Structure formats: C-alpha cells, structure tokens
Amino acid sequence: MKTLRFSAALLVAGTIALFSSCQKDDVTTPNSGLTVGGGLAVTVPDGGSIDLSVAGPYASKTKGTVSRSGSVYTVTNFAQGTVTAPADSTQWSNVASTYYFNLATNVGGDSVNATTVSYTLRFTGSANGDIYAYSSTYTLNYQDTAFATAKGVTTIAAPGGKLGTNNIYMGAVLVSAGTGWYDYDISSHIVTAHQPRTLILKDRTTGKAVWKVSITSIYSNSTPNASSSATNYPYYNFQYQAL
C-alpha cells in the first residue's frame, strides 16, 4: 500500500521546503435537475448525507461523504484515487496526486477537458495540501473570520491563487510565517487547520463572493492516527456554503 509522507528540510538560508460560476439557484432546497459544470447537481437531503463513492460521474475514483444542515454542507474523508485498500474500504491503496471537488454539484470532480468544467476546487502539491480554485471562473481569497459569520465582503487574495502552508512551527516556536490554510509542526510532522480562516471564492468577472469554504482537517475522521508522523492523510474534511 502506498504511504504518503510529509517532509520538511531546514535550508542554510532559513528557507523551509515541505508539504509545501455557478451558484446553486436554491441553496436551502438544491435542485437535483440543475445542470452545472459537467453534470447534474446531486441532492443532499437536509439532515441526511450521500456517499461520494456512489454519487456523481466520478464516483468510482472518489471516497467520502457529504451531509447537509440547511444551507451548510459538510464533507468528510474526501479523497480520490484507485484501488480500494484491502484492509479498509474507506481508503485508497493508490492516492491520486490531485483531488477535484465540485461545490456546485456536491460531488467529486475531475480535471477540465475540452467540453466541460467539472470542478471548483483542486487539491494538489505535496500531500495534496495546496488548494486552488478553478481559475477561469473564480479567484481564491480568504478572510480571518469564523466560517459561520464569514460573508466574503472584506477579503485578501490568495498569493499566486494558492493556499497551502501558513505558519511553520518547531513545537511552540514559530520558524516561518506564510499565508495558507494550515500550520505545520516540523518536530511532530502534524498539520493543523489554521483557524479562524475561511476560504472565499469570488466570481472572476463580477468580483462577487460566491462560495465560502472552511477546511477543518486533512486526516481521516479529522484526527491524526499518531501524535507524531501520522499517516492517515490526505482525507479532506471541510464545510462549504453558497453566498
């Protein structure tokens, strides 16, 4: 079984290299017949959930669940890959180097082809820890406000359109400060979502905030399986809501 590893190297200069538009018409009652970005929106019942391994056009390469409470959607253990792990059917033996998720259709996506756009968010880079929005439609921004109250009014653009590593620590000591969605401890090799930080996707043409997203964890069941060098990643857990 392929095992991913976080890595960190402190260089002489002190640089660290490591784990380096379509809005729902009715958010409260999603329209299962709405055609958005390469497929029909999959209805998630209020108070219920769907299994990503059986929903949507890319179900065969996707694992995880999506649940809904009112207009807020919660994604649990999202990952894409091939060959289900024999010891745990919720995990992959071969993890994809890039994940795609479509906020408009509530399911896993795929890369862009000549005729369709089938994702909103792209997760790539080391351990799939760098997040991008589909750049032809959206700009990626953030605001340091709790997800529940974030409105996307006052935001900061993601540097280079990417949010990955934020602060790097060695235990409690700050080693390097950046701008991203997660903090990384190079002594324990554990990643923690930087809070409160909410990702805001804006329409590239109008500048209007369209989606807000809060990443809560990159570990399966939102908990590292060890206090040091945990291996149960990258399994994304996040919330999203249309604005």
# chains A, B, ... in the order shown; residues from 1 in each chain; ligands from 1

$ residues_around --residues "A:Gln241" --least-positions-apart "4" --cutoff "7 Å" --atoms "only C-alpha atoms" --output "list in words"
Ser71, Val72, Tyr73, Trp211, Lys212 and Val213 of chain A

$ closest_residue --among "A:Tyr236, A:Ser118, A:Leu163, A:Gln80" --to "A:Leu40" --atoms "only C-alpha atoms"
A:Ser118

$ atom_distance --atom1 "atom CA of A:Pro159" --atom2 "atom CA of A:Asp130"
11.7 Å

$ residues_around --residues "A:Val75" --least-positions-apart "4" --cutoff "10 Å" --atoms "only C-alpha atoms" --output "JSON, numbers by chain"
{"A": [49, 50, 52, 64, 65, 66, 67, 68, 106, 107, 215, 216, 235, 236, 237, 238, 239, 240]}

$ atom_distance --atom1 "atom CA of A:Pro224" --atom2 "atom CA of A:Ser188"
11.1 Å

$ atom_distance --atom1 "atom CA of A:Ala59" --atom2 "atom CA of A:Gly108"
7.0 Å

$ closest_residue --among "A:Gly48, A:Pro86, A:Gly109, A:Gly178" --to "A:Thr62" --atoms "only C-alpha atoms"
A:Gly109

$ residues_around --residues "A:Thr205" --least-positions-apart "2" --cutoff "8 Å" --atoms "only C-alpha atoms" --output "PyMOL selection string"
chain A and resi 137+203+207

$ residues_around --residues "A:Gly152" --least-positions-apart "3" --cutoff "9 Å" --atoms "only C-alpha atoms" --output "list in words"
Asn141, Tyr142, Gln143, Thr155, Thr198, Leu199, Ile200, Leu201, Lys202, Lys208, Ala209, Val210, Trp211, Lys212 and Leu243 of chain A

$ residues_around --residues "A:Ser220" --least-positions-apart "4" --cutoff "7 Å" --atoms "only C-alpha atoms" --output "VMD selection string"
chain A and resid 77 232 to 233 235

$ write_last_selection --atoms "all heavy atoms" --output "CSV table (one decimal), in the first residue's frame"
chain,number,residue,atom,x,y,z
A,77,ASN,N,-13.9,13.0,5.0
A,77,ASN,CA,-13.0,12.0,4.5
A,77,ASN,C,-12.9,11.9,3.0
A,77,ASN,O,-12.9,10.9,2.4
A,77,ASN,CB,-13.3,10.6,5.0
A,77,ASN,CG,-13.1,10.5,6.6
A,77,ASN,OD1,-12.4,11.4,7.2
A,77,ASN,ND2,-13.8,9.5,7.2
A,232,ASN,N,-2.6,8.9,8.2
A,232,ASN,CA,-4.0,8.8,7.7
A,232,ASN,C,-4.4,10.1,7.0
A,232,ASN,O,-5.3,10.7,7.3
A,232,ASN,CB,-4.9,8.4,8.8
A,232,ASN,CG,-5.0,9.4,9.9
A,232,ASN,OD1,-3.9,10.0,10.3
A,232,ASN,ND2,-6.1,9.6,10.6
A,233,TYR,N,-3.7,10.4,5.9
A,233,TYR,CA,-3.9,11.6,5.1
A,233,TYR,C,-3.5,11.3,3.7
A,233,TYR,O,-2.8,10.3,3.4
A,233,TYR,CB,-3.1,12.8,5.7
A,233,TYR,CG,-1.6,12.6,5.5
A,233,TYR,CD1,-1.0,13.1,4.3
A,233,TYR,CD2,-0.9,12.0,6.5
A,233,TYR,CE1,0.4,12.9,4.1
A,233,TYR,CE2,0.5,11.9,6.3
A,233,TYR,CZ,1.1,12.3,5.1
A,233,TYR,OH,2.5,12.1,4.9
A,235,TYR,N,-7.1,13.0,3.6
A,235,TYR,CA,-8.5,12.8,3.6
A,235,TYR,C,-9.1,14.1,4.1
A,235,TYR,O,-9.2,14.3,5.3
A,235,TYR,CB,-8.9,11.6,4.5
A,235,TYR,CG,-8.4,10.3,3.8
A,235,TYR,CD1,-7.1,9.8,4.1
A,235,TYR,CD2,-9.2,9.6,3.0
A,235,TYR,CE1,-6.7,8.6,3.4
A,235,TYR,CE2,-8.8,8.4,2.3
A,235,TYR,CZ,-7.5,7.9,2.6
A,235,TYR,OH,-7.0,6.8,2.0

$ select_by_dssp --residues "chain A" --states "strand (DSSP E)" --output "PyMOL selection string"
chain A and resi 8-10+16-18+49-51+62-69+72-84+92-95+99-102+107-108+121-124+130-133+138-143+156-157+164-170+173-176+180-185+190-193+198-203+209-217+236-242

$ closest_residue --among "A:Ala41, A:Ser136, A:Tyr100, A:Ser176" --to "A:Leu121" --atoms "only C-alpha atoms"
A:Tyr100

$ residues_around --residues "A:Ser187" --least-positions-apart "2" --cutoff "7 Å" --atoms "only C-alpha atoms" --output "list of chain:residue names"
A:Met170, A:Gly171, A:Asp185, A:His189

$ write_last_selection --atoms "N, CA and C atoms" --output "PDB file, in the first residue's frame"
ATOM      1  N   MET A 170       8.277  24.656  15.186  1.00  0.00           N
ATOM      2  CA  MET A 170       9.007  23.549  15.779  1.00  0.00           C
ATOM      3  C   MET A 170       8.549  23.503  17.229  1.00  0.00           C
ATOM      4  N   GLY A 171       7.566  22.654  17.487  1.00  0.00           N
ATOM      5  CA  GLY A 171       6.901  22.690  18.778  1.00  0.00           C
ATOM      6  C   GLY A 171       6.117  23.983  18.895  1.00  0.00           C
ATOM      7  N   ASP A 185       3.867  21.529  12.026  1.00  0.00           N
ATOM      8  CA  ASP A 185       4.873  21.366  13.071  1.00  0.00           C
ATOM      9  C   ASP A 185       5.955  20.428  12.544  1.00  0.00           C
ATOM     10  N   HIS A 189       5.576  16.611  12.653  1.00  0.00           N
ATOM     11  CA  HIS A 189       5.058  16.372  11.299  1.00  0.00           C
ATOM     12  C   HIS A 189       3.531  16.248  11.307  1.00  0.00           C
TER      13      HIS A 189
END

$ select_by_dssp --residues "stretch 17-201 of chain A" --states "helix (DSSP H, G or I)" --output "MDAnalysis selection string"
chainID A and resid 59:61 126:128 159:161

$ write_last_selection --atoms "N, CA and C atoms" --output "PDB file, in the first residue's frame"
ATOM      1  N   ALA A  59     -17.668   8.889  -9.286  1.00  0.00           N
ATOM      2  CA  ALA A  59     -17.821   8.128  -8.047  1.00  0.00           C
ATOM      3  C   ALA A  59     -16.798   7.006  -7.931  1.00  0.00           C
ATOM      4  N   SER A  60     -16.422   6.400  -9.048  1.00  0.00           N
ATOM      5  CA  SER A  60     -15.518   5.251  -8.999  1.00  0.00           C
ATOM      6  C   SER A  60     -14.120   5.617  -8.513  1.00  0.00           C
ATOM      7  N   LYS A  61     -13.781   6.905  -8.544  1.00  0.00           N
ATOM      8  CA  LYS A  61     -12.456   7.348  -8.103  1.00  0.00           C
ATOM      9  C   LYS A  61     -12.524   8.237  -6.867  1.00  0.00           C
ATOM     10  N   SER A 126       2.419  18.732  -2.557  1.00  0.00           N
ATOM     11  CA  SER A 126       2.859  17.750  -1.575  1.00  0.00           C
ATOM     12  C   SER A 126       1.707  17.357  -0.662  1.00  0.00           C
ATOM     13  N   ALA A 127       1.414  16.045  -0.627  1.00  0.00           N
ATOM     14  CA  ALA A 127       0.297  15.516   0.167  1.00  0.00           C
ATOM     15  C   ALA A 127      -1.027  16.193  -0.166  1.00  0.00           C
ATOM     16  N   ASN A 128      -1.166  16.671  -1.403  1.00  0.00           N
ATOM     17  CA  ASN A 128      -2.403  17.315  -1.871  1.00  0.00           C
ATOM     18  C   ASN A 128      -2.795  18.502  -0.991  1.00  0.00           C
ATOM     19  N   PRO A 159      -2.129  34.426  -2.315  1.00  0.00           N
ATOM     20  CA  PRO A 159      -0.916  34.685  -3.110  1.00  0.00           C
ATOM     21  C   PRO A 159      -0.745  33.656  -4.227  1.00  0.00           C
ATOM     22  N   GLY A 160      -0.659  34.124  -5.452  1.00  0.00           N
ATOM     23  CA  GLY A 160      -0.499  33.210  -6.574  1.00  0.00           C
ATOM     24  C   GLY A 160      -1.693  32.313  -6.801  1.00  0.00           C
ATOM     25  N   GLY A 161      -2.834  32.674  -6.200  1.00  0.00           N
ATOM     26  CA  GLY A 161      -4.035  31.861  -6.368  1.00  0.00           C
ATOM     27  C   GLY A 161      -4.007  30.555  -5.609  1.00  0.00           C
TER      28      GLY A 161
END

$ closest_residue --among "A:Thr124, A:Thr149, A:Thr84, A:Thr76" --to "A:Thr98" --atoms "only C-alpha atoms"
A:Thr124
